[in-house]
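Have a look at final_7.cif below; it lists mmCIF, C-alpha atoms.
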```
data_work
#
loop_
_atom_site.group_PDB
_atom_site.id
_atom_site.type_symbol
_atom_site.label_atom_id
_atom_site.label_comp_id
_atom_site.auth_asym_id
_atom_site.auth_seq_id
_atom_site.Cartn_x
_atom_site.Cartn_y
_atom_site.Cartn_z
ATOM 1 C CA MET A 122 45.385 46.796 7.705
ATOM 2 C CA SER A 123 46.042 49.952 9.677
ATOM 3 C CA GLN A 124 47.831 52.953 8.195
ATOM 4 C CA LEU A 125 51.334 52.984 9.649
ATOM 5 C CA VAL A 126 52.595 56.504 10.230
ATOM 6 C CA SER A 127 56.394 56.596 10.282
ATOM 7 C CA GLN A 128 57.947 58.664 13.057
ATOM 8 C CA GLU A 129 61.549 59.612 13.677
ATOM 9 C CA PRO A 130 62.967 58.421 17.014
ATOM 10 C CA GLU A 131 65.096 60.565 19.275
ATOM 11 C CA ARG A 132 68.687 59.311 19.474
ATOM 12 C CA LEU A 133 70.124 59.124 22.976
ATOM 13 C CA ARG A 134 73.139 57.776 24.830
ATOM 14 C CA PHE A 135 73.446 56.460 28.382
ATOM 15 C CA VAL A 136 76.036 54.729 30.550
ATOM 16 C CA ALA A 137 75.560 50.951 30.498
ATOM 17 C CA SER A 138 78.079 50.509 33.322
ATOM 18 C CA ASP A 139 81.341 52.004 34.548
ATOM 19 C CA LYS A 140 83.206 49.172 32.833
ATOM 20 C CA ASN A 141 81.422 49.257 29.475
ATOM 21 C CA GLY A 142 80.798 52.966 29.069
ATOM 22 C CA GLU A 143 78.054 54.505 26.959
ATOM 23 C CA VAL A 144 75.650 52.803 24.563
ATOM 24 C CA SER A 145 73.059 54.159 22.145
ATOM 25 C CA ALA A 146 69.292 54.251 22.491
ATOM 26 C CA LEU A 147 66.270 55.279 20.427
ATOM 27 C CA LEU A 148 63.187 56.817 22.025
ATOM 28 C CA LEU A 149 60.102 56.684 19.820
ATOM 29 C CA ARG A 150 57.235 58.398 21.592
ATOM 30 C CA PRO A 151 53.953 59.057 19.785
ATOM 31 C CA PRO A 152 52.104 62.128 21.073
ATOM 32 C CA ASP A 153 49.250 59.979 22.393
ATOM 33 C CA ALA A 154 51.394 57.321 24.096
ATOM 34 C CA HIS A 155 49.778 55.481 27.008
ATOM 35 C CA GLY A 156 52.836 53.448 27.986
ATOM 36 C CA LEU A 157 56.517 52.785 27.288
ATOM 37 C CA LEU A 158 58.230 49.511 26.378
ATOM 38 C CA VAL A 159 61.955 49.331 27.173
ATOM 39 C CA LEU A 160 62.939 47.101 24.258
ATOM 40 C CA ALA A 161 66.180 45.098 24.039
ATOM 41 C CA HIS A 162 67.442 43.577 20.793
ATOM 42 C CA GLY A 163 68.307 39.953 20.078
ATOM 43 C CA ALA A 164 71.721 38.305 20.036
ATOM 44 C CA GLY A 165 72.443 38.739 16.338
ATOM 45 C CA ALA A 166 70.971 42.116 15.391
ATOM 46 C CA GLY A 167 70.971 45.518 17.045
ATOM 47 C CA MET A 168 68.317 48.096 17.784
ATOM 48 C CA ASP A 169 68.503 49.504 14.222
ATOM 49 C CA HIS A 170 67.611 46.191 12.566
ATOM 50 C CA PRO A 171 64.624 46.599 10.189
ATOM 51 C CA VAL A 172 62.489 44.222 12.257
ATOM 52 C CA MET A 173 63.218 46.159 15.455
ATOM 53 C CA GLU A 174 62.442 49.410 13.671
ATOM 54 C CA ALA A 175 59.199 47.987 12.256
ATOM 55 C CA ILE A 176 58.121 46.670 15.656
ATOM 56 C CA ALA A 177 58.709 50.100 17.204
ATOM 57 C CA GLN A 178 56.737 51.847 14.471
ATOM 58 C CA HIS A 179 53.816 49.428 14.760
ATOM 59 C CA LEU A 180 53.793 49.861 18.537
ATOM 60 C CA ALA A 181 53.769 53.643 18.086
ATOM 61 C CA ASP A 182 50.763 53.200 15.804
ATOM 62 C CA GLN A 183 49.106 51.471 18.778
ATOM 63 C CA HIS A 184 49.994 54.389 21.103
ATOM 64 C CA LEU A 185 52.882 52.595 22.820
ATOM 65 C CA ALA A 186 56.260 54.328 23.056
ATOM 66 C CA THR A 187 59.518 52.372 22.846
ATOM 67 C CA PHE A 188 62.986 52.877 24.279
ATOM 68 C CA ARG A 189 65.282 50.684 22.171
ATOM 69 C CA TYR A 190 68.886 50.301 23.230
ATOM 70 C CA GLN A 191 72.147 48.568 22.391
ATOM 71 C CA PHE A 192 74.014 46.021 24.449
ATOM 72 C CA PRO A 193 77.728 46.942 24.739
ATOM 73 C CA SER A 194 78.998 44.238 22.372
ATOM 74 C CA MET A 195 76.635 45.356 19.621
ATOM 75 C CA GLU A 196 77.563 48.974 20.265
ATOM 76 C CA LYS A 197 81.173 48.011 19.576
ATOM 77 C CA GLY A 198 80.269 46.228 16.346
ATOM 78 C CA SER A 199 80.584 42.689 17.687
ATOM 79 C CA ARG A 200 77.887 40.083 17.105
ATOM 80 C CA ARG A 201 79.065 38.016 20.057
ATOM 81 C CA PRO A 202 76.530 38.387 22.881
ATOM 82 C CA ASP A 203 77.651 40.030 26.086
ATOM 83 C CA SER A 204 78.270 38.071 29.249
ATOM 84 C CA LYS A 205 75.309 37.670 31.582
ATOM 85 C CA PRO A 206 76.606 40.219 34.155
ATOM 86 C CA THR A 207 77.203 42.807 31.423
ATOM 87 C CA ALA A 208 73.808 42.219 29.814
ATOM 88 C CA LEU A 209 71.928 42.399 33.116
ATOM 89 C CA ALA A 210 73.704 45.605 34.122
ATOM 90 C CA THR A 211 72.775 47.106 30.762
ATOM 91 C CA VAL A 212 69.112 46.127 31.181
ATOM 92 C CA ARG A 213 69.030 47.870 34.550
ATOM 93 C CA ALA A 214 70.760 50.965 33.202
ATOM 94 C CA ALA A 215 68.337 51.098 30.249
ATOM 95 C CA VAL A 216 65.285 50.883 32.501
ATOM 96 C CA SER A 217 66.715 53.651 34.683
ATOM 97 C CA GLU A 218 67.402 55.886 31.685
ATOM 98 C CA ALA A 219 63.971 55.215 30.187
ATOM 99 C CA ALA A 220 62.366 56.225 33.488
ATOM 100 C CA ARG A 221 64.462 59.396 33.495
ATOM 101 C CA VAL A 222 63.503 60.519 29.981
ATOM 102 C CA ALA A 223 59.896 59.266 29.888
ATOM 103 C CA GLY A 224 59.017 58.379 33.454
ATOM 104 C CA ASP A 225 55.629 60.033 33.191
ATOM 105 C CA LEU A 226 54.525 56.973 31.189
ATOM 106 C CA PRO A 227 53.796 53.551 32.719
ATOM 107 C CA ILE A 228 56.806 51.325 31.938
ATOM 108 C CA VAL A 229 57.092 47.708 30.809
ATOM 109 C CA ALA A 230 60.318 46.053 29.704
ATOM 110 C CA GLY A 231 61.417 43.137 27.570
ATOM 111 C CA GLY A 232 62.865 42.405 24.189
ATOM 112 C CA LYS A 233 63.451 40.201 21.214
ATOM 113 C CA SER A 234 64.811 36.723 22.010
ATOM 114 C CA PHE A 235 68.123 37.199 23.923
ATOM 115 C CA GLY A 236 67.075 40.704 24.974
ATOM 116 C CA GLY A 237 63.844 39.442 26.478
ATOM 117 C CA ARG A 238 65.567 36.639 28.330
ATOM 118 C CA MET A 239 68.204 38.996 29.753
ATOM 119 C CA THR A 240 65.414 41.303 30.915
ATOM 120 C CA SER A 241 63.669 38.446 32.711
ATOM 121 C CA LEU A 242 66.917 37.340 34.341
ATOM 122 C CA ALA A 243 67.485 40.894 35.573
ATOM 123 C CA ALA A 244 63.928 41.076 36.937
ATOM 124 C CA ALA A 245 64.267 37.680 38.621
ATOM 125 C CA ASP A 246 67.515 38.767 40.284
ATOM 126 C CA ALA A 247 65.972 41.967 41.692
ATOM 127 C CA GLN A 248 62.868 43.920 40.821
ATOM 128 C CA LEU A 249 63.314 46.429 38.001
ATOM 129 C CA PRO A 250 62.196 49.806 39.421
ATOM 130 C CA SER A 251 59.011 51.210 37.858
ATOM 131 C CA VAL A 252 58.543 48.198 35.562
ATOM 132 C CA ARG A 253 54.967 46.915 35.646
ATOM 133 C CA GLY A 254 55.369 43.906 33.367
ATOM 134 C CA LEU A 255 57.662 42.010 30.979
ATOM 135 C CA VAL A 256 57.149 41.431 27.241
ATOM 136 C CA PHE A 257 58.924 38.624 25.371
ATOM 137 C CA LEU A 258 59.082 38.814 21.581
ATOM 138 C CA GLY A 259 60.045 35.211 20.922
ATOM 139 C CA PHE A 260 61.362 33.905 24.245
ATOM 140 C CA PRO A 261 64.369 31.616 23.480
ATOM 141 C CA LEU A 262 63.312 28.670 25.627
ATOM 142 C CA HIS A 263 66.022 26.382 24.236
ATOM 143 C CA PRO A 264 68.587 26.160 21.401
ATOM 144 C CA ALA A 265 67.244 25.100 18.022
ATOM 145 C CA GLY A 266 66.897 21.333 17.840
ATOM 146 C CA LYS A 267 67.581 20.885 21.565
ATOM 147 C CA PRO A 268 64.233 21.100 23.405
ATOM 148 C CA GLY A 269 64.486 21.842 27.114
ATOM 149 C CA THR A 270 63.128 24.088 29.830
ATOM 150 C CA ASP A 271 66.174 25.087 31.899
ATOM 151 C CA ARG A 272 66.091 28.622 30.514
ATOM 152 C CA ALA A 273 62.686 29.115 32.116
ATOM 153 C CA ASP A 274 63.734 28.118 35.635
ATOM 154 C CA HIS A 275 64.166 31.719 36.771
ATOM 155 C CA LEU A 276 60.755 32.903 35.588
ATOM 156 C CA SER A 277 59.035 31.903 38.817
ATOM 157 C CA GLN A 278 61.136 34.585 40.546
ATOM 158 C CA VAL A 279 59.844 37.396 38.337
ATOM 159 C CA GLY A 280 57.497 39.534 40.393
ATOM 160 C CA VAL A 281 55.422 41.176 37.648
ATOM 161 C CA PRO A 282 52.999 40.005 34.923
ATOM 162 C CA MET A 283 54.497 38.614 31.718
ATOM 163 C CA LEU A 284 53.451 38.448 28.063
ATOM 164 C CA PHE A 285 54.906 35.814 25.731
ATOM 165 C CA LEU A 286 54.494 36.393 21.986
ATOM 166 C CA GLN A 287 55.494 33.144 20.279
ATOM 167 C CA GLY A 288 55.244 31.851 16.711
ATOM 168 C CA THR A 289 54.048 28.338 15.948
ATOM 169 C CA ARG A 290 57.162 27.755 13.778
ATOM 170 C CA ASP A 291 59.616 29.094 16.387
ATOM 171 C CA GLN A 292 62.453 26.573 16.560
ATOM 172 C CA LEU A 293 63.699 28.083 19.837
ATOM 173 C CA ALA A 294 60.478 27.543 21.771
ATOM 174 C CA ASP A 295 58.594 24.261 21.529
ATOM 175 C CA LEU A 296 55.029 25.264 22.381
ATOM 176 C CA ASP A 297 54.390 21.841 23.905
ATOM 177 C CA LEU A 298 56.993 22.848 26.497
ATOM 178 C CA LEU A 299 56.122 26.528 26.812
ATOM 179 C CA ARG A 300 52.365 26.123 27.287
ATOM 180 C CA PRO A 301 52.640 24.098 30.529
ATOM 181 C CA ILE A 302 55.312 26.469 31.834
ATOM 182 C CA CYS A 303 52.916 29.388 31.405
ATOM 183 C CA ARG A 304 50.095 27.442 33.067
ATOM 184 C CA GLU A 305 52.232 26.492 36.061
ATOM 185 C CA LEU A 306 53.992 29.809 36.736
ATOM 186 C CA PRO A 307 52.496 31.628 39.748
ATOM 187 C CA GLN A 308 52.098 34.850 37.763
ATOM 188 C CA GLN A 309 49.842 33.098 35.193
ATOM 189 C CA PRO A 310 51.519 34.862 32.249
ATOM 190 C CA THR A 311 49.712 35.592 29.009
ATOM 191 C CA LEU A 312 50.774 33.467 26.025
ATOM 192 C CA HIS A 313 49.869 34.950 22.646
ATOM 193 C CA ILE A 314 50.369 32.457 19.826
ATOM 194 C CA VAL A 315 51.254 33.889 16.402
ATOM 195 C CA GLU A 316 50.081 31.374 13.838
ATOM 196 C CA GLY A 317 52.671 30.435 11.209
ATOM 197 C CA ALA A 318 55.432 32.730 12.496
ATOM 198 C CA ASP A 319 59.025 31.632 13.090
ATOM 199 C CA HIS A 320 61.457 32.999 15.677
ATOM 200 C CA SER A 321 61.871 36.202 13.629
ATOM 201 C CA PHE A 322 58.092 36.453 13.166
ATOM 202 C CA HIS A 323 58.442 35.666 9.473
ATOM 203 C CA VAL A 324 55.542 33.832 7.826
ATOM 204 C CA LEU A 325 55.491 31.794 4.642
ATOM 205 C CA LYS A 326 53.669 33.150 1.593
ATOM 206 C CA ARG A 327 51.294 30.213 1.598
ATOM 207 C CA SER A 328 50.018 31.339 5.007
ATOM 208 C CA GLY A 329 48.042 34.079 3.305
ATOM 209 C CA ARG A 330 49.579 36.685 5.599
ATOM 210 C CA SER A 331 52.529 39.039 5.327
ATOM 211 C CA ASP A 332 55.243 39.806 7.864
ATOM 212 C CA ARG A 333 53.631 43.217 8.269
ATOM 213 C CA ASP A 334 50.351 41.538 9.204
ATOM 214 C CA VAL A 335 52.197 39.614 11.906
ATOM 215 C CA LEU A 336 53.910 42.703 13.312
ATOM 216 C CA GLU A 337 50.562 44.495 13.421
ATOM 217 C CA GLU A 338 49.130 41.553 15.372
ATOM 218 C CA ILE A 339 52.050 41.637 17.792
ATOM 219 C CA ALA A 340 51.686 45.392 18.299
ATOM 220 C CA ARG A 341 47.954 45.155 18.942
ATOM 221 C CA ALA A 342 48.404 42.271 21.372
ATOM 222 C CA THR A 343 51.184 44.065 23.242
ATOM 223 C CA ALA A 344 49.378 47.397 23.439
ATOM 224 C CA GLY A 345 46.167 45.728 24.617
ATOM 225 C CA TRP A 346 48.040 43.783 27.263
ATOM 226 C CA VAL A 347 49.808 46.893 28.526
ATOM 227 C CA GLU A 348 46.476 48.740 28.746
ATOM 228 C CA GLY A 349 45.228 45.892 30.916
ATOM 229 C CA LEU A 350 48.009 46.581 33.411
ATOM 230 C CA LEU A 351 47.105 50.234 33.855
#
```
Now that the file is in, can you turn its structure into structure tokens?
Amino acid sequence: MSQLVSQEPERLRFVASDKNGEVSALLLRPPDAHGLLVLAHGAGAGMDHPVMEAIAQHLADQHLATFRYQFPSMEKGSRRPDSKPTALATVRAAVSEAARVAGDLPIVAGGKSFGGRMTSLAAADAQLPSVRGLVFLGFPLHPAGKPGTDRADHLSQVGVPMLFLQGTRDQLADLDLLRPICRELPQQPTLHIVEGADHSFHVLKRSGRSDRDVLEEIARATAGWVEGLL
């Protein structure tokens, strides 16, 4: 197990859109960073959630900076996800702001669950400037208990490499559906399977691993993948 060195992120604000005003962001940049991940949160928890914070710290330990940010609804204290147009505008604004404050670093973008999917929808609609690849921390392929692939239809329009990090117990992504999608997409995305992890990357005690072990695995896989893009 690596020694995790806690770092304090820089708190920022940027304009999500003229309609929705400013939202908050956290830039965590280790001194030896070799890349930057623009990281969106999931539908039910914001950028300050302990899992989001832990992911950012583990990525920093692997020399990858993160730019975490809030969607407008979360910024206002609501747990109801934003509309698609609002979310996509926020993704674009976040990428632009990340490039402004840390544009000397190679940039990838993505997020946890909803945040990752909104990032891919934005990239499919029009290329995200400066973004070299997309990272999905638990892509929400379908609702729990309702297997389907409609949510992946847009992925063929994404013009950059993609990394899927998916747990074997993820109830929002049946791997029997996701594996063939990854094989058939023209970009030939990378699928990293996290054994025993659920949608929140939690593992059961009987697995012999801890949640920290899983987050370290995710950070190493992400950092290695990003290095491969450079």
Shell of 8 Å around A:His313, all atoms listed in the file, local chain residues under 3 positions omitted, as a list in words
Leu284, Phe285, Leu286, Gln287 and Ala342 of chain A
Excluding same-chain residues fewer than 6 positions from A:Val324, what lies within 12 Å of it counting all atoms listed in the file, as a PyMOL selection string?
chain A and resi 288-291+315-318+330-336
So which residues touch stretch 168-174 of chain A within 7 Å, counting all atoms listed in the file, skipping near sequence neighbours fewer than 4 positions away, as a PyMOL selection string?
chain A and resi 162+178+189-191
Mind writing the picked residues with C-alpha atoms as a PDB file, in the frame of the given file?
```pdb
ATOM      1  CA  HIS A 162      67.442  43.577  20.793  1.00  0.00           C
ATOM      2  CA  GLN A 178      56.737  51.847  14.471  1.00  0.00           C
ATOM      3  CA  ARG A 189      65.282  50.684  22.171  1.00  0.00           C
ATOM      4  CA  TYR A 190      68.886  50.301  23.230  1.00  0.00           C
ATOM      5  CA  GLN A 191      72.147  48.568  22.391  1.00  0.00           C
TER       6      GLN A 191
END
```
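Of the listed residues (A:Lys267, A:Arg132, A:His320, A:Arg213), A:Arg213 comes nearest to A:Ala243; the distances count only C-alpha atoms.
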What separation in Å, quoted to one decimal, exists between atom CA of A:Val136 and atom CA of A:Thr207?
12.0 Å
Return as a count of residues only the set of residues that the PyMOL selection byres ((chain A and resi 235) around 10) yields on the displayed structure.
23
Between A:Gln128, A:Arg200, A:His263, A:Ile228, which one has atoms that come closest to A:Ala175, using all atoms listed in the file?
A:Gln128
The PyMOL selection byres ((chain A and resi 251) around 9) on the file shown: which residues, as a VMD selection string?
chain A and resid 216 to 217 220 224 227 to 229 248 to 250 252 to 253
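Of the listed residues (A:Leu255, A:Leu226, A:Leu276, A:Ala214), A:Ala214 comes nearest to A:Asp139; the distances count all atoms listed in the file.
With only C-alpha atoms as the atoms that count, the minimum distance from A:Ala215 to the choices A:Asp203, A:Asp274, A:Glu143, A:Asp153 is reached by A:Glu143.
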With the file shown as input, list the residues that the PyMOL selection byres ((chain A and resi 310) around 7) selects, as a short mmCIF file (atom, residue, chain, number, x, y, z; two decimals) with C-alpha atoms, keeping the file's coordinate frame.
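Generated output (part_0.cif):
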```cif
data_model
loop_
_atom_site.label_atom_id
_atom_site.label_comp_id
_atom_site.auth_asym_id
_atom_site.auth_seq_id
_atom_site.Cartn_x
_atom_site.Cartn_y
_atom_site.Cartn_z
CA PRO A 282 53.00 40.01 34.92
CA MET A 283 54.50 38.61 31.72
CA LEU A 284 53.45 38.45 28.06
CA CYS A 303 52.92 29.39 31.40
CA GLN A 308 52.10 34.85 37.76
CA GLN A 309 49.84 33.10 35.19
CA THR A 311 49.71 35.59 29.01
CA LEU A 312 50.77 33.47 26.02
#
```
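Coordinates place atom CA of A:Pro301 at a distance of 27.5 Å from atom CA of A:Val212.
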Using the partial input, fill out stretch 290-309 of chain A with N, CA and C atoms; write the result as a JSON list (two decimals), in the coordinates of the input.
```json
[["chain", "number", "residue", "atom", "x", "y", "z"],
["A", 290, "ARG", "N", 56.00, 28.35, 14.45],
["A", 290, "ARG", "CA", 57.16, 27.76, 13.78],
["A", 290, "ARG", "C", 58.48, 28.16, 14.45],
["A", 291, "ASP", "N", 58.42, 28.66, 15.67],
["A", 291, "ASP", "CA", 59.62, 29.09, 16.39],
["A", 291, "ASP", "C", 60.42, 27.87, 16.82],
["A", 292, "GLN", "N", 61.61, 27.72, 16.25],
["A", 292, "GLN", "CA", 62.45, 26.57, 16.56],
["A", 292, "GLN", "C", 63.19, 26.71, 17.89],
["A", 293, "LEU", "N", 63.05, 27.86, 18.54],
["A", 293, "LEU", "CA", 63.70, 28.08, 19.84],
["A", 293, "LEU", "C", 62.70, 28.04, 21.00],
["A", 294, "ALA", "N", 61.48, 27.63, 20.70],
["A", 294, "ALA", "CA", 60.48, 27.54, 21.77],
["A", 294, "ALA", "C", 59.40, 26.54, 21.36],
["A", 295, "ASP", "N", 59.59, 25.30, 21.77],
["A", 295, "ASP", "CA", 58.59, 24.26, 21.53],
["A", 295, "ASP", "C", 57.35, 24.61, 22.35],
["A", 296, "LEU", "N", 56.24, 24.84, 21.67],
["A", 296, "LEU", "CA", 55.03, 25.26, 22.38],
["A", 296, "LEU", "C", 54.49, 24.17, 23.30],
["A", 297, "ASP", "N", 54.80, 22.92, 23.01],
["A", 297, "ASP", "CA", 54.39, 21.84, 23.90],
["A", 297, "ASP", "C", 55.12, 21.92, 25.24],
["A", 298, "LEU", "N", 56.26, 22.61, 25.25],
["A", 298, "LEU", "CA", 56.99, 22.85, 26.50],
["A", 298, "LEU", "C", 56.60, 24.18, 27.13],
["A", 299, "LEU", "N", 56.39, 25.19, 26.29],
["A", 299, "LEU", "CA", 56.12, 26.53, 26.81],
["A", 299, "LEU", "C", 54.72, 26.64, 27.40],
["A", 300, "ARG", "N", 53.74, 26.02, 26.78],
["A", 300, "ARG", "CA", 52.36, 26.12, 27.29],
["A", 300, "ARG", "C", 52.25, 25.67, 28.76],
["A", 301, "PRO", "N", 52.75, 24.49, 29.12],
["A", 301, "PRO", "CA", 52.64, 24.10, 30.53],
["A", 301, "PRO", "C", 53.44, 24.98, 31.47],
["A", 302, "ILE", "N", 54.55, 25.54, 31.00],
["A", 302, "ILE", "CA", 55.31, 26.47, 31.83],
["A", 302, "ILE", "C", 54.44, 27.67, 32.17],
["A", 303, "CYS", "N", 53.77, 28.22, 31.17],
["A", 303, "CYS", "CA", 52.92, 29.39, 31.40],
["A", 303, "CYS", "C", 51.74, 29.06, 32.33],
["A", 304, "ARG", "N", 51.21, 27.84, 32.19],
["A", 304, "ARG", "CA", 50.10, 27.44, 33.07],
["A", 304, "ARG", "C", 50.54, 27.28, 34.51],
["A", 305, "GLU", "N", 51.77, 26.83, 34.72],
["A", 305, "GLU", "CA", 52.23, 26.49, 36.06],
["A", 305, "GLU", "C", 52.91, 27.65, 36.79],
["A", 306, "LEU", "N", 53.34, 28.69, 36.07],
["A", 306, "LEU", "CA", 53.99, 29.81, 36.74],
["A", 306, "LEU", "C", 53.00, 30.54, 37.64],
["A", 307, "PRO", "N", 53.42, 30.97, 38.81],
["A", 307, "PRO", "CA", 52.50, 31.63, 39.75],
["A", 307, "PRO", "C", 51.91, 32.92, 39.20],
["A", 308, "GLN", "N", 52.61, 33.59, 38.30],
["A", 308, "GLN", "CA", 52.10, 34.85, 37.76],
["A", 308, "GLN", "C", 51.02, 34.64, 36.70],
["A", 309, "GLN", "N", 50.81, 33.38, 36.25],
["A", 309, "GLN", "CA", 49.84, 33.10, 35.19],
["A", 309, "GLN", "C", 50.05, 34.03, 33.99]]
```
